[in-house]
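J.: This is final-v6.txt, which holds compact mmCIF, C-alpha atoms:
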# COMPACT_ATOMS: atom_id res chain seq x y z
CA MET C 27 7.84 6.48 -22.78
CA ARG C 28 9.87 8.71 -20.45
CA VAL C 29 8.09 11.40 -18.44
CA ALA C 30 9.05 13.95 -15.82
CA GLN C 31 9.08 12.77 -12.23
CA MET C 32 6.44 13.93 -9.78
CA THR C 33 7.17 16.96 -7.61
CA ASP C 34 8.81 16.36 -4.24
CA GLY C 35 5.69 17.33 -2.28
CA PHE C 36 7.10 16.99 1.25
CA GLY C 37 6.07 20.38 2.60
CA LEU C 38 4.18 21.56 5.66
CA ASP C 39 0.88 20.31 4.25
CA HIS C 40 2.20 16.75 4.21
CA LEU C 41 4.53 15.89 7.13
CA PRO C 42 4.60 12.09 6.81
CA TYR C 43 5.87 9.95 9.67
CA GLY C 44 8.68 7.42 9.54
CA VAL C 45 11.28 5.64 11.64
CA PHE C 46 14.94 6.57 11.26
CA SER C 47 18.26 6.21 12.99
CA PRO C 48 21.15 8.67 12.81
CA VAL C 49 24.67 7.37 12.44
CA GLY C 50 25.51 5.54 15.67
CA GLY C 51 22.06 6.26 17.11
CA THR C 52 18.92 4.34 17.94
CA ARG C 53 15.71 4.14 15.97
CA ARG C 54 13.08 6.75 16.68
CA VAL C 55 10.07 8.47 15.08
CA GLY C 56 10.61 11.38 12.72
CA VAL C 57 8.64 13.62 10.37
CA ARG C 58 9.87 14.33 6.86
CA ILE C 59 10.14 17.90 5.62
CA GLY C 60 11.67 18.27 2.16
CA ASP C 61 14.91 16.29 2.13
CA ASP C 62 15.30 16.48 5.90
CA VAL C 63 13.79 14.75 8.91
CA LEU C 64 12.63 16.29 12.19
CA ASP C 65 13.56 14.13 15.18
CA LEU C 66 10.22 14.17 17.00
CA ALA C 67 11.50 12.20 19.95
CA ALA C 68 14.23 14.76 20.66
CA ALA C 69 12.07 17.76 19.82
CA THR C 70 9.14 16.79 22.04
CA GLY C 71 10.67 14.53 24.68
CA ARG C 72 7.71 12.16 24.40
CA PRO C 73 8.61 8.52 25.16
CA GLU C 74 6.21 6.99 22.61
CA LEU C 75 8.24 8.68 19.88
CA ALA C 76 11.58 7.32 21.10
CA THR C 77 10.69 3.83 19.89
CA PRO C 78 11.67 1.69 16.87
CA SER C 79 8.18 1.78 15.30
CA LEU C 80 5.16 4.05 15.03
CA ASN C 81 2.95 1.59 16.89
CA ALA C 82 3.08 3.11 20.38
CA PHE C 83 2.28 6.55 18.98
CA MET C 84 -0.48 5.30 16.66
CA ALA C 85 -2.21 3.46 19.52
CA LEU C 86 -2.86 6.80 21.29
CA GLY C 87 -5.61 7.70 18.85
CA PRO C 88 -6.85 10.53 16.64
CA ASP C 89 -6.73 13.33 19.23
CA VAL C 90 -3.03 12.70 19.90
CA TRP C 91 -2.38 12.31 16.15
CA ALA C 92 -3.88 15.77 15.52
CA GLU C 93 -2.02 17.36 18.43
CA THR C 94 1.31 15.88 17.34
CA ARG C 95 0.83 16.93 13.73
CA ALA C 96 0.09 20.49 14.83
CA GLU C 97 3.09 20.46 17.17
CA ALA C 98 5.42 19.22 14.43
CA ARG C 99 4.25 22.02 12.16
CA ARG C 100 4.80 24.64 14.88
CA LEU C 101 8.29 23.33 15.56
CA LEU C 102 9.23 23.46 11.89
CA GLU C 103 7.75 26.92 11.38
CA ALA C 104 9.78 28.08 14.38
CA GLY C 105 12.99 26.83 12.79
CA ALA C 106 13.53 23.56 14.66
CA ALA C 107 16.75 21.76 13.72
CA THR C 108 16.44 18.92 11.22
CA VAL C 109 18.76 16.21 9.97
CA PRO C 110 19.48 15.61 6.24
CA LEU C 111 18.01 12.36 4.99
CA ARG C 112 21.38 11.47 3.49
CA ASP C 113 22.78 11.25 7.04
CA VAL C 114 20.22 8.80 8.43
CA GLU C 115 19.01 5.26 7.82
CA LEU C 116 15.30 4.65 7.22
CA HIS C 117 13.47 1.59 8.52
CA LEU C 118 10.14 -0.21 8.30
CA PRO C 119 7.82 2.39 9.87
CA ILE C 120 5.42 0.03 11.65
CA GLU C 121 5.50 -3.31 13.40
CA VAL C 122 3.00 -5.11 11.18
CA ALA C 123 0.39 -6.99 13.22
CA ASP C 124 -1.74 -8.54 10.45
CA TYR C 125 -1.74 -8.05 6.70
CA VAL C 126 -4.81 -8.33 4.47
CA ASP C 127 -4.92 -7.58 0.75
CA PHE C 128 -8.04 -6.74 -1.21
CA TYR C 129 -9.01 -6.88 -4.88
CA ALA C 130 -10.85 -3.55 -5.08
CA SER C 131 -10.28 -2.40 -8.69
CA ILE C 132 -13.03 -3.44 -11.08
CA HIS C 133 -10.73 -2.77 -14.03
CA HIS C 134 -7.97 -5.00 -12.65
CA ALA C 135 -10.40 -7.77 -11.69
CA THR C 136 -12.03 -7.61 -15.12
CA ASN C 137 -8.69 -7.69 -16.94
CA VAL C 138 -7.47 -10.67 -14.91
CA GLY C 139 -10.76 -12.49 -15.52
CA ARG C 140 -10.49 -11.95 -19.26
CA ILE C 141 -6.88 -13.17 -19.30
CA PHE C 142 -7.49 -16.32 -17.24
CA ARG C 143 -11.12 -17.03 -18.21
CA PRO C 144 -11.39 -15.86 -21.83
CA ASP C 145 -14.49 -18.02 -22.41
CA GLY C 146 -16.17 -17.26 -19.07
CA ALA C 147 -17.42 -14.33 -17.03
CA ALA C 148 -14.71 -11.76 -16.31
CA LEU C 149 -16.08 -11.09 -12.81
CA LEU C 150 -17.22 -13.84 -10.47
CA PRO C 151 -20.76 -13.50 -9.04
CA ASN C 152 -19.70 -12.17 -5.63
CA TRP C 153 -17.32 -9.46 -6.84
CA ARG C 154 -19.77 -6.54 -7.01
CA HIS C 155 -21.31 -7.47 -3.64
CA LEU C 156 -18.27 -7.47 -1.36
CA PRO C 157 -14.60 -6.42 -1.29
CA VAL C 158 -12.81 -9.69 -2.08
CA GLY C 159 -9.57 -10.18 -0.16
CA TYR C 160 -7.05 -12.66 1.24
CA HIS C 161 -5.01 -12.85 4.42
CA GLY C 162 -1.30 -12.28 3.76
CA ARG C 163 1.90 -12.78 5.74
CA ALA C 164 2.82 -9.93 8.08
CA GLY C 165 6.37 -11.18 8.61
CA THR C 166 7.39 -10.64 4.99
CA VAL C 167 6.31 -7.00 4.75
CA VAL C 168 9.57 -5.15 4.06
CA PRO C 169 10.57 -1.49 3.67
CA SER C 170 11.27 0.17 0.34
CA GLY C 171 14.70 -0.67 -1.02
CA THR C 172 14.80 -4.21 0.33
CA PRO C 173 16.04 -6.60 -2.40
CA ILE C 174 13.39 -9.05 -3.61
CA VAL C 175 14.71 -12.60 -3.98
CA ARG C 176 12.96 -14.50 -6.75
CA PRO C 177 10.80 -17.12 -5.04
CA ARG C 178 10.76 -20.86 -5.66
CA GLY C 179 7.75 -23.12 -5.65
CA GLN C 180 5.54 -25.47 -7.60
CA ARG C 181 4.64 -24.33 -11.12
CA PRO C 182 2.01 -25.84 -13.43
CA ALA C 183 3.07 -27.87 -16.46
CA ALA C 184 1.38 -30.16 -18.97
CA ASP C 185 2.50 -33.34 -17.19
CA GLY C 186 2.00 -32.09 -13.63
CA PRO C 187 3.75 -29.58 -11.42
CA THR C 188 7.46 -28.79 -11.55
CA TYR C 189 9.56 -27.16 -8.84
CA GLY C 190 11.85 -24.20 -9.35
CA ALA C 191 12.22 -20.45 -9.46
CA SER C 192 9.21 -18.45 -10.58
CA ARG C 193 9.32 -17.52 -14.27
CA ARG C 194 6.44 -15.06 -14.00
CA LEU C 195 7.46 -12.60 -11.30
CA ASP C 196 5.12 -9.62 -11.25
CA ILE C 197 4.30 -6.47 -9.32
CA GLU C 198 1.03 -5.01 -8.11
CA ALA C 199 0.87 -1.25 -7.60
CA GLU C 200 -1.29 -0.70 -4.53
CA LEU C 201 -2.10 1.65 -1.68
CA GLY C 202 -1.78 0.37 1.90
CA PHE C 203 -3.81 1.51 4.91
CA VAL C 204 -2.24 1.45 8.37
CA VAL C 205 -4.46 0.83 11.41
CA GLY C 206 -3.56 2.87 14.47
CA VAL C 207 -6.35 2.06 16.92
CA GLY C 208 -7.54 -1.49 17.43
CA SER C 209 -11.05 -2.77 18.07
CA GLN C 210 -12.76 -5.28 20.33
CA LEU C 211 -13.11 -8.88 19.21
CA GLY C 212 -16.70 -9.57 18.20
CA THR C 213 -17.52 -5.91 17.47
CA PRO C 214 -17.52 -4.86 13.78
CA VAL C 215 -16.04 -1.48 12.86
CA PRO C 216 -18.65 0.56 10.92
CA TYR C 217 -17.76 2.30 7.67
CA GLY C 218 -18.21 5.67 9.39
CA ALA C 219 -15.42 4.93 11.87
CA PHE C 220 -12.62 4.80 9.30
CA ALA C 221 -10.87 7.95 10.63
CA ASP C 222 -11.13 6.68 14.23
CA HIS C 223 -8.98 3.67 13.41
CA VAL C 224 -6.86 4.29 10.31
CA PHE C 225 -3.75 6.37 10.96
CA GLY C 226 -2.42 6.78 7.43
CA VAL C 227 -1.47 5.32 4.08
CA VAL C 228 1.67 3.87 2.52
CA GLY C 229 2.71 2.97 -0.99
CA LEU C 230 2.61 -0.80 -1.40
CA ASN C 231 3.92 -3.33 -3.93
CA ASP C 232 2.35 -6.78 -3.62
CA TRP C 233 5.01 -8.81 -5.43
CA SER C 234 3.40 -11.83 -7.11
CA ALA C 235 4.73 -15.06 -8.61
CA ARG C 236 2.01 -15.65 -11.18
CA ASP C 237 2.99 -19.22 -12.09
CA ILE C 238 3.10 -20.34 -8.45
CA GLN C 239 -0.16 -18.47 -7.82
CA ALA C 240 -1.90 -20.05 -10.83
CA TRP C 241 -1.20 -23.59 -9.57
CA GLU C 242 -2.06 -23.06 -5.90
CA TYR C 243 -4.94 -20.59 -5.77
CA VAL C 244 -7.83 -23.01 -6.39
CA PRO C 245 -9.74 -23.45 -4.12
CA LEU C 246 -8.45 -21.27 -1.27
CA GLY C 247 -6.80 -18.33 -3.01
CA PRO C 248 -3.27 -16.85 -2.97
CA PHE C 249 -0.63 -18.35 -0.69
CA LEU C 250 3.06 -18.87 -1.56
CA GLY C 251 2.70 -16.92 -4.80
CA LYS C 252 2.37 -13.73 -2.75
CA SER C 253 3.67 -14.39 0.75
CA PHE C 254 7.38 -14.10 -0.06
CA ALA C 255 7.51 -10.25 -0.02
CA THR C 256 5.34 -7.15 0.18
CA SER C 257 7.17 -3.80 -0.03
CA VAL C 258 5.92 -0.61 1.62
CA SER C 259 7.18 2.96 1.68
CA HIS C 260 9.33 4.28 4.52
CA TRP C 261 6.89 7.16 5.05
CA VAL C 262 3.32 6.94 6.33
CA THR C 263 1.14 9.78 5.06
CA PRO C 264 -1.38 10.69 7.79
CA VAL C 265 -5.03 10.63 6.77
CA ALA C 266 -5.20 14.33 7.71
CA ALA C 267 -2.77 15.18 4.89
CA LEU C 268 -5.23 13.70 2.37
CA ALA C 269 -8.14 15.98 3.29
CA ALA C 270 -8.16 17.51 -0.20
CA ALA C 271 -7.91 14.16 -1.99
CA TRP C 272 -11.27 12.60 -1.16
CA VAL C 273 -13.57 12.06 -4.16
CA GLU C 274 -16.84 10.32 -4.93
CA LEU C 275 -16.68 6.67 -5.97
CA PRO C 276 -17.23 5.95 -9.68
CA GLY C 277 -20.49 4.15 -8.85
CA GLN C 278 -21.52 0.76 -7.47
CA ASP C 279 -24.14 -1.44 -9.13
CA PRO C 280 -25.91 -3.28 -7.61
CA GLU C 281 -26.13 -1.26 -4.42
CA PRO C 282 -23.97 -2.83 -1.69
CA LEU C 283 -25.53 -4.09 1.53
CA PRO C 284 -26.15 -1.44 4.22
CA TYR C 285 -23.10 -2.30 6.35
CA LEU C 286 -20.92 -1.17 3.42
CA GLY C 287 -22.43 2.32 3.42
CA PRO C 288 -23.67 2.63 -0.17
CA ASP C 289 -23.27 6.23 -1.40
CA LEU C 290 -21.83 7.23 2.00
CA THR C 291 -18.10 6.49 1.58
CA ARG C 292 -15.53 8.04 -0.73
CA GLY C 293 -12.42 7.18 -2.68
CA LEU C 294 -9.09 8.98 -2.99
CA ASP C 295 -7.66 10.97 -5.89
CA ILE C 296 -4.15 9.55 -5.83
CA ASP C 297 -2.04 9.20 -8.97
CA VAL C 298 0.47 6.37 -9.26
CA GLU C 299 3.47 5.89 -11.52
CA VAL C 300 4.96 2.47 -12.20
CA VAL C 301 8.62 2.84 -13.16
CA LEU C 302 10.52 -0.17 -14.53
CA ASN C 303 14.29 0.23 -14.94
CA GLY C 304 13.92 4.01 -15.13
CA GLU C 305 11.02 4.06 -17.60
CA VAL C 306 7.45 4.95 -16.67
CA VAL C 307 5.35 2.03 -17.96
CA SER C 308 1.98 2.86 -16.42
CA ARG C 309 0.03 5.53 -14.54
CA PRO C 310 -2.77 3.89 -12.56
CA PRO C 311 -5.35 6.26 -10.96
CA TYR C 312 -6.60 5.27 -7.51
CA ARG C 313 -9.75 7.38 -7.97
CA THR C 314 -11.16 4.67 -10.29
CA MET C 315 -11.26 2.01 -7.53
CA TYR C 316 -14.64 0.33 -7.07
CA TRP C 317 -14.49 -0.31 -3.31
CA SER C 318 -13.58 2.50 -0.90
CA PRO C 319 -11.04 2.34 1.97
CA ALA C 320 -13.88 2.56 4.54
CA GLN C 321 -15.81 -0.26 2.85
CA MET C 322 -12.76 -2.51 2.92
CA LEU C 323 -12.32 -1.82 6.65
CA ALA C 324 -16.01 -2.48 7.36
CA HIS C 325 -15.92 -5.76 5.47
CA LEU C 326 -12.66 -6.80 7.13
CA THR C 327 -14.34 -6.63 10.54
CA VAL C 328 -18.02 -7.40 9.78
CA ASN C 329 -17.62 -10.95 11.08
CA GLY C 330 -16.33 -9.62 14.41
CA ALA C 331 -12.61 -9.88 13.57
CA SER C 332 -10.70 -7.41 15.71
CA LEU C 333 -8.20 -4.79 14.59
CA ARG C 334 -4.78 -4.39 16.17
CA THR C 335 -2.40 -1.47 16.12
CA GLY C 336 -0.11 -2.01 13.15
CA ASP C 337 -2.61 -3.90 11.02
CA LEU C 338 -2.04 -3.25 7.33
CA TYR C 339 -4.55 -3.73 4.55
CA GLY C 340 -3.85 -3.24 0.86
CA SER C 341 -6.18 -2.00 -1.82
CA GLY C 342 -5.30 -4.63 -4.38
CA THR C 343 -3.86 -3.71 -7.76
CA ILE C 344 -4.75 -0.19 -8.89
CA SER C 345 -5.77 -0.24 -12.55
CA GLY C 346 -7.78 2.24 -14.60
CA PRO C 347 -9.91 1.71 -17.70
CA GLU C 348 -7.15 2.54 -20.21
CA PRO C 349 -4.24 0.28 -21.27
CA GLU C 350 -1.70 2.83 -19.99
CA GLN C 351 -3.34 2.72 -16.53
CA ARG C 352 -2.74 -0.93 -15.66
CA GLY C 353 -1.04 -1.64 -12.34
CA SER C 354 0.50 -5.07 -12.98
CA LEU C 355 2.76 -6.53 -15.64
CA LEU C 356 0.24 -9.33 -16.12
CA GLU C 357 -2.17 -6.72 -17.49
CA ILE C 358 0.41 -4.52 -19.20
CA GLY C 359 1.69 -7.50 -21.20
CA TRP C 360 -1.73 -9.17 -21.35
CA GLY C 361 -0.19 -12.51 -20.45
CA ASP C 362 2.95 -12.12 -22.60
CA GLU C 363 5.72 -14.15 -20.93
CA SER C 364 8.33 -11.50 -21.81
CA ALA C 365 6.50 -8.87 -19.76
CA TYR C 366 7.48 -10.39 -16.40
CA LEU C 367 10.46 -9.32 -14.30
CA ALA C 368 14.01 -10.46 -14.97
CA ASP C 369 16.74 -10.71 -12.36
CA GLY C 370 18.27 -7.27 -11.84
CA ASP C 371 15.09 -5.37 -12.80
CA GLU C 372 14.18 -2.50 -10.51
CA VAL C 373 10.60 -1.36 -9.93
CA VAL C 374 9.73 1.98 -8.34
CA LEU C 375 6.19 3.03 -7.44
CA ARG C 376 5.54 6.76 -7.00
CA TYR C 377 2.40 8.41 -5.69
CA SER C 378 1.01 11.94 -5.59
CA ALA C 379 -2.22 13.53 -4.35
CA PRO C 380 -3.78 16.98 -3.99
CA GLY C 381 -2.43 18.75 -0.93
CA THR C 382 -4.38 20.90 1.49
CA GLY C 383 -2.19 23.87 0.51
CA GLY C 384 -3.34 23.84 -3.11
CA GLY C 385 -0.37 22.01 -4.63
CA ARG C 386 0.42 18.30 -4.61
CA ILE C 387 2.04 16.06 -2.05
CA ALA C 388 4.20 13.06 -2.96
CA LEU C 389 3.64 9.97 -0.88
CA GLY C 390 6.63 7.81 -0.02
CA GLU C 391 7.92 5.81 -2.97
CA VAL C 392 8.29 2.04 -3.00
CA ARG C 393 11.47 0.62 -4.55
CA GLY C 394 12.63 -2.95 -5.06
CA ARG C 395 15.20 -4.76 -7.21
CA VAL C 396 14.88 -8.43 -8.16
CA GLN C 397 17.68 -10.77 -7.10
CA PRO C 398 18.27 -14.33 -8.33
CA PRO C 399 16.76 -17.14 -6.27
CA GLY C 400 18.68 -18.39 -3.27
CA SER C 401 20.30 -21.81 -3.17
Can the structure in the file be given as structure tokens, please?
T.:
Amino acid sequence: MRVAQMTDGFGLDHLPYGVFSPVGGTRRVGVRIGDDVLDLAAATGRPELATPSLNAFMALGPDVWAETRAEARRLLEAGAATVPLRDVELHLPIEVADYVDFYASIHHATNVGRIFRPDGAALLPNWRHLPVGYHGRAGTVVPSGTPIVRPRGQRPAADGPTYGASRRLDIEAELGFVVGVGSQLGTPVPYGAFADHVFGVVGLNDWSARDIQAWEYVPLGPFLGKSFATSVSHWVTPVAALAAAWVELPGQDPEPLPYLGPDLTRGLDIDVEVVLNGEVVSRPPYRTMYWSPAQMLAHLTVNGASLRTGDLYGSGTISGPEPEQRGSLLEIGWGDESAYLADGDEVVLRYSAPGTGGGRIALGEVRGRVQPPGS
């Protein structure tokens, strides 16, 4: 099925942040407007913007974020000079401190349970009580467009494990949340403090080697089947740009424990497109997620774990209740071996959300092409 692409959505009601370098220049922070970028470092003269990541700027906190966003808009409305995107190179926007990935879609978790445990319960007993997650590898988070080398590892077989390239390479369409302000070790971050700590969101593809994952994940969960690459968008959409996208959660039963803020946190109305080799194969809706962004943050820190500037946490695969809304090839093919990625396949994730100006904004896309395994 081929459908029209989402609108560009990079207007004044969006203004996402990224890191770019002009030809022959150094990396610095910019704001995207249409198909151009505003050089914030040059336009404002602020040293925290003349750096190769957003981290120094994000660490300054929500008041500075709001001031800078307003200043960028004033500069653009006044006709500030911009640089065409075709004339610059884009880079990983943040220096990733820690990476955690959740499992927050009840539809995805149920589908996976039915595929792998057809004779058992689709959801494990703890799933409706807490946002399940795992700790990933920050050093293999890469920017959109980075080639994805097919990983090698142990794979299950009838007579014991074999070693070789993954035969079941998959994608997971997710949303990533970027922490700007850290927290003190031993002090949990409450669900109501989400906007005090989270700077913005990125598109995220949690590449997954399902055969490697299937052999290793019992009893401690994902490891090498996911740690080889996680792709994120070049552009970080500030939380302020999503003011019109907040929606009520679909409902949680049983009621979560008080630290998770039952009935007091919200989800996001963000539409996703999964594009494989130029064809749209799925449209997962983020608004159907069971656990909210604030609940994931609260659970991440409830044991006293501290946040650091540049921490990244993913939502887990975004899947809706309908077959055409599944966010992984595992679900789309329902375990069919032919559904997984071949060498040379290209996956693009696109995102859009209601904008504060009445139209829609398009979050940064996430693109990756599969390369054969290394020697």
J.: As a ChimeraX atom specification, please: the residues near segment 135-150 of chain C (cut-off 9 Å, only C-alpha atoms, same-chain neighbours under 4 positions excluded).
T.: /C:129-131,154,343,345,356-357,360-361
J.: Find the residues of segment 267-369 of chain C that sit at most 12 Å from segment 238-261 of chain C; for each, write down the nearest two atoms and how far apart they are in Å, to one decimal. Count only C-alpha atoms. Sort by chain, then by number going up, and give it as CSV.
T.:
residue,atom,partner,partner_atom,distance
C:Leu338,CA,C:Val258,CA,10.1
C:Tyr339,CA,C:Val258,CA,11.3
C:Gly340,CA,C:Thr256,CA,10.0
C:Gly342,CA,C:Thr256,CA,11.8
J.: Looking at C:Asp89, C:Glu198, C:Asp62, C:Asp185, which one is nearest to Glu115 of chain C, with distances taken over only C-alpha atoms?
T.: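 Smallest distance to Glu115 of chain C is found for C:Asp62.
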J.: Do a neighbour search on Thr314 of chain C at 9 Å with all atoms listed in the file, toss out local chain neighbours closer than 3 positions, and write the hits as a list in words.
T.: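 Skipping anything fewer than 3 positions along the chain leaves Ser131, Ile132, His133, Leu275, Pro276, Gly293, Leu294, Asp295, Pro310, Pro311, Ile344, Ser345, Gly346 and Pro347 of chain C.
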J.: For atom CA of Ser364 of chain C and atom CA of Val168 of chain C, quote the distance in Å rounded to one decimal.
T.: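 We find that atom CA of Ser364 of chain C and atom CA of Val168 of chain C lie 26.7 Å from each other.
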J.: Complete the atom set of segment 302-321 of chain C to N, CA and C atoms and return it as a PDB file, keeping the file's coordinate frame.
T.:
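Written output follows (out37.pdb):
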ATOM      1  N   LEU C 302       9.742   1.056 -14.358  1.00  0.00           N
ATOM      2  CA  LEU C 302      10.520  -0.170 -14.530  1.00  0.00           C
ATOM      3  C   LEU C 302      11.850   0.170 -15.175  1.00  0.00           C
ATOM      4  N   ASN C 303      12.941  -0.047 -14.436  1.00  0.00           N
ATOM      5  CA  ASN C 303      14.290   0.230 -14.940  1.00  0.00           C
ATOM      6  C   ASN C 303      14.400   1.656 -15.487  1.00  0.00           C
ATOM      7  N   GLY C 304      13.811   2.600 -14.768  1.00  0.00           N
ATOM      8  CA  GLY C 304      13.920   4.010 -15.130  1.00  0.00           C
ATOM      9  C   GLY C 304      12.887   4.520 -16.101  1.00  0.00           C
ATOM     10  N   GLU C 305      12.037   3.652 -16.630  1.00  0.00           N
ATOM     11  CA  GLU C 305      11.020   4.060 -17.600  1.00  0.00           C
ATOM     12  C   GLU C 305       9.629   3.949 -16.980  1.00  0.00           C
ATOM     13  N   VAL C 306       8.828   5.007 -17.122  1.00  0.00           N
ATOM     14  CA  VAL C 306       7.450   4.950 -16.670  1.00  0.00           C
ATOM     15  C   VAL C 306       6.666   4.065 -17.626  1.00  0.00           C
ATOM     16  N   VAL C 307       6.085   2.980 -17.115  1.00  0.00           N
ATOM     17  CA  VAL C 307       5.350   2.030 -17.960  1.00  0.00           C
ATOM     18  C   VAL C 307       3.849   2.098 -17.737  1.00  0.00           C
ATOM     19  N   SER C 308       3.420   2.783 -16.685  1.00  0.00           N
ATOM     20  CA  SER C 308       1.980   2.860 -16.420  1.00  0.00           C
ATOM     21  C   SER C 308       1.709   3.978 -15.419  1.00  0.00           C
ATOM     22  N   ARG C 309       0.483   4.507 -15.482  1.00  0.00           N
ATOM     23  CA  ARG C 309       0.030   5.530 -14.540  1.00  0.00           C
ATOM     24  C   ARG C 309      -1.370   5.170 -14.029  1.00  0.00           C
ATOM     25  N   PRO C 310      -1.461   4.287 -13.077  1.00  0.00           N
ATOM     26  CA  PRO C 310      -2.770   3.890 -12.560  1.00  0.00           C
ATOM     27  C   PRO C 310      -3.388   4.973 -11.661  1.00  0.00           C
ATOM     28  N   PRO C 311      -4.681   5.264 -11.812  1.00  0.00           N
ATOM     29  CA  PRO C 311      -5.350   6.260 -10.960  1.00  0.00           C
ATOM     30  C   PRO C 311      -6.172   5.588  -9.856  1.00  0.00           C
ATOM     31  N   TYR C 312      -5.862   5.888  -8.612  1.00  0.00           N
ATOM     32  CA  TYR C 312      -6.600   5.270  -7.510  1.00  0.00           C
ATOM     33  C   TYR C 312      -8.060   5.710  -7.470  1.00  0.00           C
ATOM     34  N   ARG C 313      -8.371   6.864  -8.014  1.00  0.00           N
ATOM     35  CA  ARG C 313      -9.750   7.380  -7.970  1.00  0.00           C
ATOM     36  C   ARG C 313     -10.734   6.490  -8.721  1.00  0.00           C
ATOM     37  N   THR C 314     -10.260   5.549  -9.542  1.00  0.00           N
ATOM     38  CA  THR C 314     -11.160   4.670 -10.290  1.00  0.00           C
ATOM     39  C   THR C 314     -11.505   3.398  -9.514  1.00  0.00           C
ATOM     40  N   MET C 315     -11.012   3.235  -8.287  1.00  0.00           N
ATOM     41  CA  MET C 315     -11.260   2.010  -7.530  1.00  0.00           C
ATOM     42  C   MET C 315     -12.739   1.853  -7.214  1.00  0.00           C
ATOM     43  N   TYR C 316     -13.224   0.622  -7.274  1.00  0.00           N
ATOM     44  CA  TYR C 316     -14.640   0.330  -7.070  1.00  0.00           C
ATOM     45  C   TYR C 316     -15.013   0.380  -5.583  1.00  0.00           C
ATOM     46  N   TRP C 317     -14.217  -0.253  -4.747  1.00  0.00           N
ATOM     47  CA  TRP C 317     -14.490  -0.310  -3.310  1.00  0.00           C
ATOM     48  C   TRP C 317     -13.647   0.730  -2.569  1.00  0.00           C
ATOM     49  N   SER C 318     -14.254   1.415  -1.616  1.00  0.00           N
ATOM     50  CA  SER C 318     -13.580   2.500  -0.900  1.00  0.00           C
ATOM     51  C   SER C 318     -12.757   1.957   0.268  1.00  0.00           C
ATOM     52  N   PRO C 319     -11.816   2.756   0.792  1.00  0.00           N
ATOM     53  CA  PRO C 319     -11.040   2.340   1.970  1.00  0.00           C
ATOM     54  C   PRO C 319     -11.930   2.012   3.168  1.00  0.00           C
ATOM     55  N   ALA C 320     -12.986   2.811   3.390  1.00  0.00           N
ATOM     56  CA  ALA C 320     -13.880   2.560   4.540  1.00  0.00           C
ATOM     57  C   ALA C 320     -14.679   1.280   4.345  1.00  0.00           C
ATOM     58  N   GLN C 321     -15.074   0.977   3.112  1.00  0.00           N
ATOM     59  CA  GLN C 321     -15.810  -0.260   2.850  1.00  0.00           C
ATOM     60  C   GLN C 321     -14.932  -1.477   3.070  1.00  0.00           C
TER      61      GLN C 321
END
